[in-house]
file start_15.csv (CSV, C-alpha atoms (C1' of nucleotides) and all ligand atoms)
chain,number,residue,atom,x,y,z
A,1,MET,CA,-33.0,3.2,-16.7
A,2,THR,CA,-31.1,0.3,-15.3
A,3,ARG,CA,-30.4,0.6,-11.6
A,4,PRO,CA,-27.3,-0.4,-9.8
A,5,SER,CA,-27.8,-3.9,-8.5
A,6,VAL,CA,-27.4,-3.5,-4.7
A,7,THR,CA,-26.4,0.0,-4.0
A,8,THR,CA,-29.4,1.2,-2.0
A,9,PRO,CA,-29.2,1.6,1.7
A,10,ASP,CA,-32.1,-0.9,2.1
A,11,ALA,CA,-29.8,-3.6,0.8
A,12,LEU,CA,-27.6,-3.2,3.8
A,13,ALA,CA,-29.7,-5.0,6.4
A,14,GLN,CA,-30.2,-7.9,3.9
A,15,ARG,CA,-26.6,-8.3,3.1
A,16,LEU,CA,-25.5,-8.1,6.7
A,17,ALA,CA,-28.1,-10.7,7.8
A,18,HIS,CA,-26.9,-12.9,5.0
A,19,SER,CA,-23.5,-12.9,6.7
A,20,GLY,CA,-25.0,-13.4,10.1
A,21,LEU,CA,-24.3,-9.8,11.1
A,22,ARG,CA,-26.6,-7.1,12.6
A,23,SER,CA,-27.6,-3.8,11.1
A,24,THR,CA,-26.4,-1.1,13.5
A,25,PRO,CA,-26.7,2.7,13.3
A,26,GLN,CA,-22.9,2.9,12.8
A,27,ARG,CA,-22.9,0.5,9.9
A,28,GLU,CA,-25.9,2.3,8.4
A,29,VAL,CA,-24.6,5.8,8.6
A,30,ILE,CA,-21.2,4.7,7.2
A,31,TYR,CA,-22.8,3.0,4.3
A,32,ASP,CA,-25.0,6.1,3.7
A,33,VAL,CA,-21.9,8.3,3.6
A,34,LEU,CA,-20.3,6.1,1.0
A,35,LEU,CA,-23.4,6.1,-1.2
A,36,LYS,CA,-23.9,9.9,-0.8
A,37,LYS,CA,-20.5,11.0,-2.1
A,38,ARG,CA,-18.8,8.4,-4.2
A,39,ASP,CA,-15.3,9.9,-4.3
A,40,HIS,CA,-13.4,7.0,-2.8
A,41,PRO,CA,-12.9,8.5,0.7
A,42,THR,CA,-10.3,7.2,3.1
A,43,ALA,CA,-11.3,5.9,6.5
A,44,ASP,CA,-10.3,9.2,8.0
A,45,GLU,CA,-12.5,11.0,5.5
A,46,VAL,CA,-15.4,8.7,6.2
A,47,TYR,CA,-14.8,9.4,9.9
A,48,ALA,CA,-15.0,13.1,9.4
A,49,ARG,CA,-18.2,12.9,7.3
A,50,VAL,CA,-19.9,10.5,9.6
A,51,ARG,CA,-19.2,12.6,12.7
A,52,SER,CA,-21.7,15.3,11.6
A,53,ASP,CA,-24.5,12.7,11.8
A,54,MET,CA,-23.0,10.8,14.7
A,55,PRO,CA,-20.5,12.8,16.7
A,56,SER,CA,-19.8,10.0,19.2
A,57,ILE,CA,-18.6,7.4,16.7
A,58,SER,CA,-15.0,6.2,17.1
A,59,LEU,CA,-12.4,5.8,14.5
A,60,ALA,CA,-12.0,2.2,15.4
A,61,THR,CA,-15.6,1.6,14.6
A,62,VAL,CA,-15.2,3.3,11.3
A,63,TYR,CA,-12.4,0.9,10.5
A,64,ASN,CA,-14.5,-2.1,11.8
A,65,CYS,CA,-17.6,-1.1,9.9
A,66,LEU,CA,-15.8,-0.5,6.6
A,67,GLU,CA,-14.1,-3.9,6.9
A,68,THR,CA,-17.5,-5.4,7.6
A,69,LEU,CA,-19.0,-3.8,4.5
A,70,VAL,CA,-16.1,-5.0,2.4
A,71,GLN,CA,-16.6,-8.6,3.7
A,72,CYS,CA,-20.3,-8.4,2.8
A,73,ASP,CA,-19.4,-7.4,-0.7
A,74,LEU,CA,-21.2,-4.1,-0.4
A,75,VAL,CA,-18.1,-2.0,-0.8
A,76,ARG,CA,-14.7,-2.4,-2.4
A,77,ALA,CA,-11.4,-1.5,-0.8
A,78,VAL,CA,-9.3,0.3,-3.3
A,79,ASN,CA,-5.5,0.8,-2.9
A,80,PHE,CA,-3.0,2.8,-4.8
A,81,GLU,CA,0.6,2.4,-4.1
A,82,ARG,CA,1.1,2.8,-0.4
A,83,GLY,CA,-1.6,5.4,0.1
A,84,PRO,CA,-4.4,4.9,2.7
A,85,THR,CA,-7.1,2.5,1.6
A,86,ARG,CA,-10.1,4.1,-0.1
A,87,TYR,CA,-13.7,2.8,-0.1
A,88,CYS,CA,-16.0,2.4,-3.1
A,89,PRO,CA,-19.6,1.4,-3.1
A,90,ASN,CA,-19.8,0.9,-6.9
A,91,LEU,CA,-20.5,-2.8,-7.5
A,92,ARG,CA,-20.4,-2.8,-11.2
A,93,PRO,CA,-17.2,-4.2,-12.8
A,94,HIS,CA,-14.9,-1.2,-13.1
A,95,ALA,CA,-11.4,0.0,-13.0
A,96,HIS,CA,-9.8,2.9,-11.2
A,97,PHE,CA,-8.1,6.0,-12.6
A,98,HIS,CA,-5.8,7.9,-10.3
A,99,ASP,CA,-5.3,11.5,-11.2
A,100,GLU,CA,-1.8,12.4,-10.1
A,101,GLN,CA,-2.4,16.1,-10.1
A,102,SER,CA,-5.5,16.2,-8.0
A,103,GLY,CA,-5.1,12.9,-6.1
A,104,SER,CA,-8.7,12.1,-7.1
A,105,THR,CA,-9.9,8.6,-8.0
A,106,HIS,CA,-12.4,8.0,-10.8
A,107,ASP,CA,-14.4,4.9,-11.7
A,108,ILE,CA,-14.0,3.6,-15.2
A,109,ASP,CA,-16.8,1.2,-16.1
A,110,LEU,CA,-15.7,-1.8,-18.0
A,111,PRO,CA,-17.3,-3.5,-21.0
A,112,PRO,CA,-18.8,-6.8,-20.0
A,113,ASP,CA,-16.2,-8.9,-21.8
A,114,LEU,CA,-13.0,-7.1,-20.8
A,115,LEU,CA,-12.3,-8.8,-17.6
A,116,GLU,CA,-12.7,-12.2,-19.3
A,117,LYS,CA,-10.4,-11.1,-22.1
A,118,VAL,CA,-7.8,-10.0,-19.6
A,119,SER,CA,-8.1,-13.1,-17.5
A,120,ALA,CA,-7.5,-15.1,-20.7
A,121,VAL,CA,-3.8,-14.2,-20.6
A,122,LEU,CA,-3.3,-16.4,-17.5
A,123,PRO,CA,-1.3,-19.6,-18.3
A,124,PRO,CA,-2.9,-22.9,-17.2
A,125,GLY,CA,-2.5,-23.5,-13.5
A,126,TYR,CA,-3.5,-20.0,-12.5
A,127,ASP,CA,-7.0,-19.6,-11.1
A,128,ALA,CA,-7.9,-15.9,-10.5
A,129,LYS,CA,-10.6,-15.0,-8.0
A,130,SER,CA,-10.3,-11.4,-8.9
A,131,VAL,CA,-8.8,-9.0,-11.4
A,132,GLU,CA,-7.9,-5.4,-10.7
A,133,ILE,CA,-7.1,-2.7,-13.3
A,134,THR,CA,-5.6,0.6,-12.3
A,135,PHE,CA,-4.7,3.6,-14.4
A,136,ARG,CA,-2.5,6.4,-13.3
A,137,GLY,CA,-2.2,9.7,-15.2
A,138,LYS,CA,-3.9,13.0,-15.9
A,139,ALA,CA,-7.6,13.5,-16.2
A,140,LEU,CA,-9.1,16.7,-17.7
A,141,PRO,CA,-10.9,18.8,-15.1
A,142,SER,CA,-14.2,18.1,-16.9
A,143,THR,CA,-13.8,14.5,-15.7
A,144,GLU,CA,-13.9,15.6,-12.1
A,145,PRO,CA,-16.6,13.7,-10.1
A,146,LYS,CA,-19.7,15.8,-10.5
A,147,ALA,CA,-22.5,16.2,-7.9
A,148,ALA,CA,-23.4,12.6,-6.9
A,149,ALA,CA,-24.7,11.3,-10.2
A,150,ASN,CA,-26.1,8.1,-8.8
A,151,LYS,CA,-27.7,5.9,-11.5
B,1,MET,CA,17.1,-16.2,-28.0
B,2,THR,CA,15.8,-12.7,-27.4
B,3,ARG,CA,17.4,-11.1,-24.4
B,4,PRO,CA,15.6,-8.9,-21.9
B,5,SER,CA,16.2,-5.3,-22.9
B,6,VAL,CA,18.0,-3.8,-20.0
B,7,THR,CA,18.1,-6.4,-17.2
B,8,THR,CA,21.8,-6.9,-17.0
B,9,PRO,CA,23.9,-5.5,-14.1
B,10,ASP,CA,26.0,-3.6,-16.7
B,11,ALA,CA,23.1,-1.5,-17.6
B,12,LEU,CA,23.0,-0.1,-14.1
B,13,ALA,CA,25.8,2.4,-14.4
B,14,GLN,CA,24.4,3.6,-17.7
B,15,ARG,CA,21.0,4.2,-16.4
B,16,LEU,CA,22.2,5.8,-13.3
B,17,ALA,CA,24.4,8.2,-15.2
B,18,HIS,CA,21.5,9.0,-17.5
B,19,SER,CA,19.8,10.3,-14.4
B,20,GLY,CA,22.9,12.1,-13.2
B,21,LEU,CA,23.4,9.6,-10.4
B,22,ARG,CA,26.5,7.6,-9.4
B,23,SER,CA,26.9,3.8,-9.5
B,24,THR,CA,27.7,2.8,-5.9
B,25,PRO,CA,28.6,-0.6,-4.4
B,26,GLN,CA,25.3,-0.4,-2.5
B,27,ARG,CA,23.2,0.2,-5.6
B,28,GLU,CA,25.1,-2.5,-7.5
B,29,VAL,CA,24.6,-5.2,-4.9
B,30,ILE,CA,21.0,-4.4,-4.4
B,31,TYR,CA,20.3,-4.5,-8.1
B,32,ASP,CA,22.3,-7.8,-8.3
B,33,VAL,CA,20.1,-9.3,-5.6
B,34,LEU,CA,17.0,-8.3,-7.4
B,35,LEU,CA,18.2,-9.9,-10.7
B,36,LYS,CA,19.5,-13.1,-9.0
B,37,LYS,CA,16.2,-14.1,-7.3
B,38,ARG,CA,13.2,-12.6,-9.0
B,39,ASP,CA,10.6,-13.4,-6.5
B,40,HIS,CA,9.4,-9.9,-5.8
B,41,PRO,CA,11.1,-9.4,-2.4
B,42,THR,CA,10.2,-6.7,0.1
B,43,ALA,CA,12.7,-4.1,1.2
B,44,ASP,CA,13.3,-6.2,4.4
B,45,GLU,CA,14.0,-9.3,2.3
B,46,VAL,CA,16.3,-7.4,0.0
B,47,TYR,CA,18.1,-6.1,3.2
B,48,ALA,CA,18.5,-9.6,4.5
B,49,ARG,CA,19.9,-10.9,1.2
B,50,VAL,CA,22.2,-8.0,0.6
B,51,ARG,CA,23.7,-8.3,4.1
B,52,SER,CA,25.5,-11.5,3.3
B,53,ASP,CA,27.5,-9.6,0.6
B,54,MET,CA,27.7,-6.3,2.5
B,55,PRO,CA,27.0,-6.7,6.2
B,56,SER,CA,27.5,-3.1,7.0
B,57,ILE,CA,24.7,-1.8,4.7
B,58,SER,CA,21.8,0.0,6.5
B,59,LEU,CA,18.1,-0.5,6.0
B,60,ALA,CA,17.7,3.2,5.1
B,61,THR,CA,20.2,2.7,2.3
B,62,VAL,CA,18.2,-0.3,1.0
B,63,TYR,CA,15.1,1.9,0.9
B,64,ASN,CA,17.1,4.7,-0.7
B,65,CYS,CA,18.6,2.5,-3.4
B,66,LEU,CA,15.4,0.7,-4.2
B,67,GLU,CA,13.7,4.1,-4.7
B,68,THR,CA,16.6,5.2,-6.9
B,69,LEU,CA,16.3,2.0,-9.1
B,70,VAL,CA,12.6,2.6,-9.4
B,71,GLN,CA,13.2,6.3,-10.5
B,72,CYS,CA,15.7,5.1,-13.1
B,73,ASP,CA,13.1,2.6,-14.5
B,74,LEU,CA,15.3,-0.4,-13.8
B,75,VAL,CA,12.9,-1.8,-11.2
B,76,ARG,CA,9.1,-1.7,-10.7
B,77,ALA,CA,7.6,-1.2,-7.3
B,78,VAL,CA,4.7,-3.6,-6.8
B,79,ASN,CA,2.0,-3.2,-4.3
B,80,PHE,CA,-0.8,-5.5,-3.2
B,81,GLU,CA,-3.5,-4.3,-0.9
B,82,ARG,CA,-1.7,-2.7,2.1
B,83,GLY,CA,1.2,-5.2,2.1
B,84,PRO,CA,4.8,-4.0,2.0
B,85,THR,CA,6.1,-2.8,-1.3
B,86,ARG,CA,7.8,-5.5,-3.4
B,87,TYR,CA,10.4,-5.0,-6.1
B,88,CYS,CA,10.5,-6.4,-9.6
B,89,PRO,CA,13.3,-6.1,-12.1
B,90,ASN,CA,11.2,-7.5,-15.0
B,91,LEU,CA,10.9,-4.6,-17.5
B,92,ARG,CA,8.7,-6.4,-20.0
B,93,PRO,CA,5.0,-5.5,-19.9
B,94,HIS,CA,3.5,-7.9,-17.4
B,95,ALA,CA,0.8,-8.3,-14.8
B,96,HIS,CA,1.1,-9.7,-11.3
B,97,PHE,CA,-0.6,-12.7,-9.9
B,98,HIS,CA,-0.8,-13.0,-6.1
B,99,ASP,CA,-1.2,-16.5,-4.8
B,100,GLU,CA,-3.3,-16.1,-1.6
B,101,GLN,CA,-2.2,-19.5,-0.1
B,102,SER,CA,1.5,-19.1,-0.4
B,103,GLY,CA,1.7,-15.3,-0.5
B,104,SER,CA,4.0,-15.5,-3.6
B,105,THR,CA,3.8,-13.1,-6.5
B,106,HIS,CA,4.1,-14.3,-10.1
B,107,ASP,CA,4.8,-12.4,-13.3
B,108,ILE,CA,2.3,-12.8,-16.1
B,109,ASP,CA,3.7,-11.7,-19.4
B,110,LEU,CA,1.2,-9.7,-21.5
B,111,PRO,CA,0.7,-10.0,-25.2
B,112,PRO,CA,1.9,-6.8,-26.9
B,113,ASP,CA,-1.6,-5.4,-27.7
B,114,LEU,CA,-3.3,-6.1,-24.4
B,115,LEU,CA,-2.4,-2.9,-22.6
B,116,GLU,CA,-3.6,-0.8,-25.5
B,117,LYS,CA,-6.8,-2.7,-25.7
B,118,VAL,CA,-7.3,-2.2,-21.9
B,119,SER,CA,-6.5,1.5,-22.2
B,120,ALA,CA,-9.0,1.8,-25.0
B,121,VAL,CA,-11.8,1.6,-22.3
B,122,LEU,CA,-10.8,5.1,-21.0
B,123,PRO,CA,-13.4,7.8,-21.9
B,124,PRO,CA,-12.1,10.9,-23.7
B,125,GLY,CA,-10.3,13.3,-21.2
B,126,TYR,CA,-8.4,10.5,-19.5
B,127,ASP,CA,-4.7,10.3,-20.3
B,128,ALA,CA,-3.1,7.3,-18.7
B,129,LYS,CA,0.7,7.2,-18.1
B,130,SER,CA,0.5,3.7,-16.8
B,131,VAL,CA,-1.8,0.7,-16.5
B,132,GLU,CA,-1.5,-2.0,-13.8
B,133,ILE,CA,-3.2,-5.3,-13.9
B,134,THR,CA,-3.3,-7.5,-10.8
B,135,PHE,CA,-4.8,-10.9,-10.3
B,136,ARG,CA,-5.5,-12.5,-7.0
B,137,GLY,CA,-6.2,-16.2,-6.6
B,138,LYS,CA,-4.8,-19.7,-6.4
B,139,ALA,CA,-1.8,-20.9,-8.5
B,140,LEU,CA,-0.9,-24.6,-8.8
B,141,PRO,CA,2.3,-25.5,-7.1
B,142,SER,CA,3.8,-26.3,-10.5
B,143,THR,CA,3.7,-22.6,-11.2
B,144,GLU,CA,5.9,-21.7,-8.3
B,145,PRO,CA,8.9,-19.7,-9.4
B,146,LYS,CA,11.6,-22.2,-10.4
B,147,ALA,CA,15.3,-21.6,-10.0
B,148,ALA,CA,16.0,-18.1,-11.6
B,149,ALA,CA,15.0,-18.9,-15.1
B,150,ASN,CA,16.2,-15.6,-16.6
B,151,LYS,CA,15.6,-15.2,-20.3
C,1,DA,C1',48.4,14.8,-3.5
C,2,DG,C1',45.3,18.4,-1.4
C,3,DT,C1',41.0,20.9,-1.0
C,4,DG,C1',36.4,22.1,-1.3
C,5,DA,C1',31.9,20.9,-3.2
C,6,DT,C1',28.5,17.6,-3.8
C,7,DA,C1',26.4,13.0,-3.4
C,8,DA,C1',25.5,9.1,-0.9
C,9,DT,C1',25.1,6.5,3.3
C,10,DT,C1',23.9,5.8,7.9
C,11,DA,C1',21.6,5.4,12.7
C,12,DG,C1',18.0,6.5,14.9
C,13,DA,C1',13.8,9.3,15.6
C,14,DA,C1',9.4,10.3,13.7
C,15,DT,C1',5.3,9.5,11.0
C,16,DT,C1',1.1,7.3,9.4
C,17,DA,C1',-2.3,4.1,8.7
C,18,DT,C1',-4.0,0.3,10.6
C,19,DT,C1',-4.7,-3.4,14.0
C,20,DC,C1',-5.0,-5.0,18.6
C,21,DT,C1',-6.6,-5.3,23.5
C,22,DA,C1',-9.6,-5.1,27.0
C,23,DA,C1',-13.4,-3.0,28.8
C,24,DA,C1',-18.1,-1.0,28.3
C,25,DT,C1',-22.4,-1.0,26.0
C,26,DG,C1',-26.2,-2.9,23.4
C,27,DA,C1',-29.3,-6.4,21.5
C,28,DT,C1',-31.4,-11.1,21.5
C,29,DG,C1',-34.1,-14.4,23.1
C,30,DA,C1',-34.8,-18.3,26.7
D,1,DT,C1',-35.0,-10.8,34.0
D,2,DC,C1',-30.9,-12.8,33.0
D,3,DA,C1',-27.3,-14.8,30.4
D,4,DT,C1',-25.1,-14.6,26.1
D,5,DC,C1',-23.0,-12.9,22.4
D,6,DA,C1',-22.2,-9.0,19.1
D,7,DT,C1',-20.6,-4.5,18.7
D,8,DT,C1',-18.5,-0.4,19.9
D,9,DT,C1',-15.0,2.2,22.1
D,10,DA,C1',-10.5,4.4,23.8
D,11,DG,C1',-6.1,4.0,23.8
D,12,DA,C1',-1.9,1.2,23.2
D,13,DA,C1',0.7,-1.3,19.9
D,14,DT,C1',2.5,-2.4,15.3
D,15,DA,C1',4.7,-2.2,10.9
D,16,DA,C1',6.4,-0.1,6.9
D,17,DT,C1',8.3,3.8,5.5
D,18,DT,C1',10.3,8.5,5.6
D,19,DC,C1',12.8,12.0,7.8
D,20,DT,C1',16.8,14.3,10.1
D,21,DA,C1',21.2,15.4,10.9
D,22,DA,C1',25.6,13.7,11.0
D,23,DT,C1',29.3,11.0,8.7
D,24,DT,C1',31.6,9.2,4.8
D,25,DA,C1',32.7,8.7,-0.1
D,26,DT,C1',33.5,10.6,-4.6
D,27,DC,C1',34.6,14.1,-7.9
D,28,DA,C1',36.7,18.1,-10.1
D,29,DC,C1',40.3,21.1,-9.8
D,30,DT,C1',44.4,22.8,-8.6
E,1,MN,MN,-6.4,2.4,-7.1
E,2,MN,MN,0.5,-6.7,-6.9
E,3,ZN,ZN,-14.6,2.7,-7.6
E,4,ZN,ZN,7.0,-8.5,-11.7

call {"tool": "encode", "arguments": {"input": "start_15.csv", "output": "structure tokens"}}
result
Amino acid sequence: MTRPSVTTPDALAQRLAHSGLRSTPQREVIYDVLLKKRDHPTADEVYARVRSDMPSISLATVYNCLETLVQCDLVRAVNFERGPTRYCPNLRPHAHFHDEQSGSTHDIDLPPDLLEKVSAVLPPGYDAKSVEITFRGKALPSTEPKAAANK
Amino acid sequence: MTRPSVTTPDALAQRLAHSGLRSTPQREVIYDVLLKKRDHPTADEVYARVRSDMPSISLATVYNCLETLVQCDLVRAVNFERGPTRYCPNLRPHAHFHDEQSGSTHDIDLPPDLLEKVSAVLPPGYDAKSVEITFRGKALPSTEPKAAANK
DNA sequence: AGTGATAATTAGAATTATTCTAAATGATGA
DNA sequence: TCATCATTTAGAATAATTCTAATTATCACT
């Protein structure tokens, strides 16, 4: 029954304020879209989804808002090779698994000590602010993202 | 006194033949350039370096040859965020450290068991063909890549 | 050596995701 | 209400890469 730390829409205004930014309808609906279907959509996909709620929003605004959410640490930008950037509202420490067949991206939760263990391979003189772990391969269809299991 | 497994220019013709491809002057000079200065150059940087040896080479050929070397498993393509792809002839298992100040990329050799340990976090149903580990942060100037220390 | 088949290279156009620019709109608060 | 500053917006610009179609090089055979 643990809840994700900050992944509720309410947290948005707080986090934005903390960075001296305003909560706007565009930022809210974009964050909602990310929380509702956590399949690592691209900016274009976010744009398409947001347009049903807000048909007048512009693609530039989608890019601007996503960047803002990333700066506020509410969302992670996820890249794989040279593909378009994908957006992830999962704030727990996790890795990404890219299924080559389907093109889908899955979250892999990490045990609490793994990132430290990995960072321990750094020789003296290297000070890492972040670590990213990415897998590429084949995932069984049963591992396809099911209907928005939040928790 | 261990030697890197396949990182000598001689290996090139072999590996290419194994994939049914020819060894060409362009492929050779590009692979040489990658071996000579292992600082993870971009395609543009490779192009610039190769042009002193072979002024008539085209940028399209540089892209083609780099892709060929990657397909033959002689070179790794390395991406960081949305930056241009960089190329790495280090075939040992290693991670990448991106120094945010200088923009430089460093190889971090990995202990033999680490990648297995990391892959062990995958739930059943996930079959990873590759794992990538990327660090981002600050590296002390002393860790700057020194004059082509091969071995 | 000559010939046809295939592979590789090349210049330049096209593509794609993203960023930039400059103007319009919206909120804030003296 | 007005001035100020933040945000959004449309469209142009950018940058890395890929594609296209033509040319050149290599190879296998005769
Ligand atoms: Mn990824
Ligand atoms: Mn990298
Ligand atoms: Zn994720
Ligand atoms: Zn490397």

call {"tool": "closest_residue", "arguments": {"input": "start_15.csv", "among": "B:Ala128, B:Val75, B:Ala48, B:Leu140", "to": "B:Leu12", "atoms": "all atoms listed in the file"}}
result
B:Val75

call {"tool": "calpha_fit_and_write", "arguments": {"input": "start_15.csv", "fixed": "chain B", "moving": "chain A", "output": "compact mmCIF listing (two decimals) with C-alpha atoms, in the frame of the given file"}}
result
# COMPACT_ATOMS: atom_id res chain seq x y z
CA MET A 1 16.81 -16.20 -28.02
CA THR A 2 15.60 -12.72 -27.36
CA ARG A 3 17.17 -11.13 -24.32
CA PRO A 4 15.51 -8.92 -21.82
CA SER A 5 16.09 -5.35 -22.88
CA VAL A 6 17.98 -3.84 -19.89
CA THR A 7 18.12 -6.38 -17.20
CA THR A 8 21.87 -6.95 -16.97
CA PRO A 9 23.86 -5.52 -14.16
CA ASP A 10 26.03 -3.62 -16.71
CA ALA A 11 23.01 -1.53 -17.56
CA LEU A 12 22.98 -0.12 -14.10
CA ALA A 13 25.86 2.34 -14.37
CA GLN A 14 24.39 3.60 -17.72
CA ARG A 15 20.96 4.13 -16.41
CA LEU A 16 22.13 5.83 -13.26
CA ALA A 17 24.44 8.20 -15.21
CA HIS A 18 21.54 8.97 -17.47
CA SER A 19 19.75 10.31 -14.40
CA GLY A 20 22.80 12.11 -13.17
CA LEU A 21 23.37 9.58 -10.40
CA ARG A 22 26.51 7.58 -9.41
CA SER A 23 27.00 3.85 -9.44
CA THR A 24 27.81 2.83 -5.86
CA PRO A 25 28.55 -0.61 -4.37
CA GLN A 26 25.22 -0.42 -2.47
CA ARG A 27 23.20 0.30 -5.57
CA GLU A 28 25.07 -2.45 -7.43
CA VAL A 29 24.69 -5.18 -4.91
CA ILE A 30 20.97 -4.35 -4.46
CA TYR A 31 20.36 -4.50 -8.13
CA ASP A 32 22.30 -7.82 -8.31
CA VAL A 33 20.08 -9.28 -5.59
CA LEU A 34 16.97 -8.35 -7.49
CA LEU A 35 18.24 -9.88 -10.73
CA LYS A 36 19.48 -13.07 -8.95
CA LYS A 37 16.17 -14.10 -7.39
CA ARG A 38 13.19 -12.56 -9.08
CA ASP A 39 10.54 -13.36 -6.47
CA HIS A 40 9.38 -9.84 -5.75
CA PRO A 41 11.19 -9.41 -2.38
CA THR A 42 10.23 -6.74 0.10
CA ALA A 43 12.75 -4.16 1.22
CA ASP A 44 13.31 -6.16 4.36
CA GLU A 45 13.97 -9.24 2.27
CA VAL A 46 16.35 -7.38 0.02
CA TYR A 47 18.06 -6.14 3.20
CA ALA A 48 18.53 -9.62 4.49
CA ARG A 49 19.91 -10.94 1.17
CA VAL A 50 22.20 -8.04 0.64
CA ARG A 51 23.71 -8.29 4.12
CA SER A 52 25.55 -11.55 3.24
CA ASP A 53 27.52 -9.64 0.57
CA MET A 54 27.63 -6.39 2.48
CA PRO A 55 27.06 -6.78 6.19
CA SER A 56 27.45 -3.06 6.96
CA ILE A 57 24.65 -1.80 4.72
CA SER A 58 21.77 0.00 6.46
CA LEU A 59 18.13 -0.47 5.97
CA ALA A 60 17.74 3.14 5.11
CA THR A 61 20.11 2.71 2.25
CA VAL A 62 18.20 -0.25 1.05
CA TYR A 63 15.10 1.89 0.95
CA ASN A 64 17.05 4.78 -0.77
CA CYS A 65 18.65 2.52 -3.33
CA LEU A 66 15.43 0.73 -4.27
CA GLU A 67 13.68 4.09 -4.71
CA THR A 68 16.59 5.18 -6.86
CA LEU A 69 16.31 2.09 -9.05
CA VAL A 70 12.59 2.60 -9.41
CA GLN A 71 13.15 6.26 -10.51
CA CYS A 72 15.67 5.07 -13.11
CA ASP A 73 13.13 2.70 -14.50
CA LEU A 74 15.28 -0.31 -13.76
CA VAL A 75 12.88 -1.83 -11.29
CA ARG A 76 9.16 -1.70 -10.64
CA ALA A 77 7.53 -1.21 -7.27
CA VAL A 78 4.71 -3.62 -6.93
CA ASN A 79 1.93 -3.26 -4.28
CA PHE A 80 -0.84 -5.50 -3.21
CA GLU A 81 -3.43 -4.25 -0.89
CA ARG A 82 -1.69 -2.77 2.08
CA GLY A 83 1.20 -5.22 2.12
CA PRO A 84 4.85 -4.00 2.07
CA THR A 85 6.04 -2.86 -1.33
CA ARG A 86 7.77 -5.53 -3.42
CA TYR A 87 10.48 -4.97 -6.07
CA CYS A 88 10.58 -6.40 -9.59
CA PRO A 89 13.34 -6.10 -12.09
CA ASN A 90 11.28 -7.49 -15.01
CA LEU A 91 10.92 -4.68 -17.56
CA ARG A 92 8.75 -6.41 -20.01
CA PRO A 93 5.03 -5.45 -19.95
CA HIS A 94 3.48 -7.83 -17.44
CA ALA A 95 0.89 -8.27 -14.83
CA HIS A 96 1.07 -9.68 -11.34
CA PHE A 97 -0.60 -12.76 -9.87
CA HIS A 98 -0.86 -12.96 -6.11
CA ASP A 99 -1.20 -16.43 -4.74
CA GLU A 100 -3.27 -16.14 -1.60
CA GLN A 101 -2.20 -19.44 -0.19
CA SER A 102 1.51 -19.02 -0.47
CA GLY A 103 1.73 -15.20 -0.51
CA SER A 104 3.96 -15.55 -3.60
CA THR A 105 3.87 -13.13 -6.54
CA HIS A 106 4.22 -14.32 -10.13
CA ASP A 107 4.84 -12.38 -13.33
CA ILE A 108 2.33 -12.84 -16.09
CA ASP A 109 3.71 -11.62 -19.41
CA LEU A 110 1.27 -9.74 -21.49
CA PRO A 111 0.60 -9.94 -25.23
CA PRO A 112 1.85 -6.84 -26.95
CA ASP A 113 -1.60 -5.46 -27.70
CA LEU A 114 -3.35 -6.04 -24.36
CA LEU A 115 -2.38 -2.95 -22.60
CA GLU A 116 -3.56 -0.87 -25.58
CA LYS A 117 -6.82 -2.78 -25.66
CA VAL A 118 -7.34 -2.14 -21.98
CA SER A 119 -6.41 1.49 -22.19
CA ALA A 120 -9.02 1.81 -24.96
CA VAL A 121 -11.82 1.66 -22.38
CA LEU A 122 -10.83 5.11 -21.04
CA PRO A 123 -13.41 7.82 -21.96
CA PRO A 124 -12.02 10.95 -23.68
CA GLY A 125 -10.35 13.28 -21.23
CA TYR A 126 -8.42 10.56 -19.46
CA ASP A 127 -4.73 10.32 -20.30
CA ALA A 128 -3.07 7.26 -18.66
CA LYS A 129 0.67 7.23 -18.06
CA SER A 130 0.49 3.73 -16.81
CA VAL A 131 -1.75 0.70 -16.52
CA GLU A 132 -1.51 -1.94 -13.84
CA ILE A 133 -3.19 -5.39 -13.88
CA THR A 134 -3.32 -7.54 -10.80
CA PHE A 135 -4.75 -10.99 -10.30
CA ARG A 136 -5.47 -12.55 -6.99
CA GLY A 137 -6.26 -16.27 -6.55
CA LYS A 138 -4.75 -19.73 -6.43
CA ALA A 139 -1.84 -20.89 -8.49
CA LEU A 140 -0.96 -24.61 -8.84
CA PRO A 141 2.30 -25.48 -7.10
CA SER A 142 3.85 -26.25 -10.52
CA THR A 143 3.63 -22.50 -11.17
CA GLU A 144 5.91 -21.77 -8.27
CA PRO A 145 8.92 -19.60 -9.34
CA LYS A 146 11.55 -22.10 -10.37
CA ALA A 147 15.34 -21.66 -10.00
CA ALA A 148 16.06 -18.21 -11.53
CA ALA A 149 15.05 -18.84 -15.11
CA ASN A 150 16.46 -15.63 -16.46
CA LYS A 151 15.88 -15.25 -20.23

call {"tool": "residues_near_ligand", "arguments": {"input": "start_15.csv", "ligand": "ligand MN 2 (chain E)", "cutoff": "7 Å", "atoms": "all atoms listed in the file", "output": "MDAnalysis selection string"}}
result
chainID B and resid 78:80 96:98 134

call {"tool": "interface_residues", "arguments": {"input": "start_15.csv", "of": "chain D", "to": "chain B", "cutoff": "12 Å", "atoms": "all atoms listed in the file", "output": "list in words"}}
result
DA15, DA16, DT17, DT18, DC19, DA25, DT26 and DC27 of chain D

call {"tool": "atom_distance", "arguments": {"input": "start_15.csv", "atom1": "atom CA of A:Leu110", "atom2": "atom CA of A:Val33"}}
result
24.6 Å

call {"tool": "interface_residues", "arguments": {"input": "start_15.csv", "of": "chain B", "to": "chain C", "cutoff": "12 Å", "atoms": "all atoms listed in the file", "output": "VMD selection string"}}
result
chain B and resid 20 to 27 56 to 65 68 82 to 83
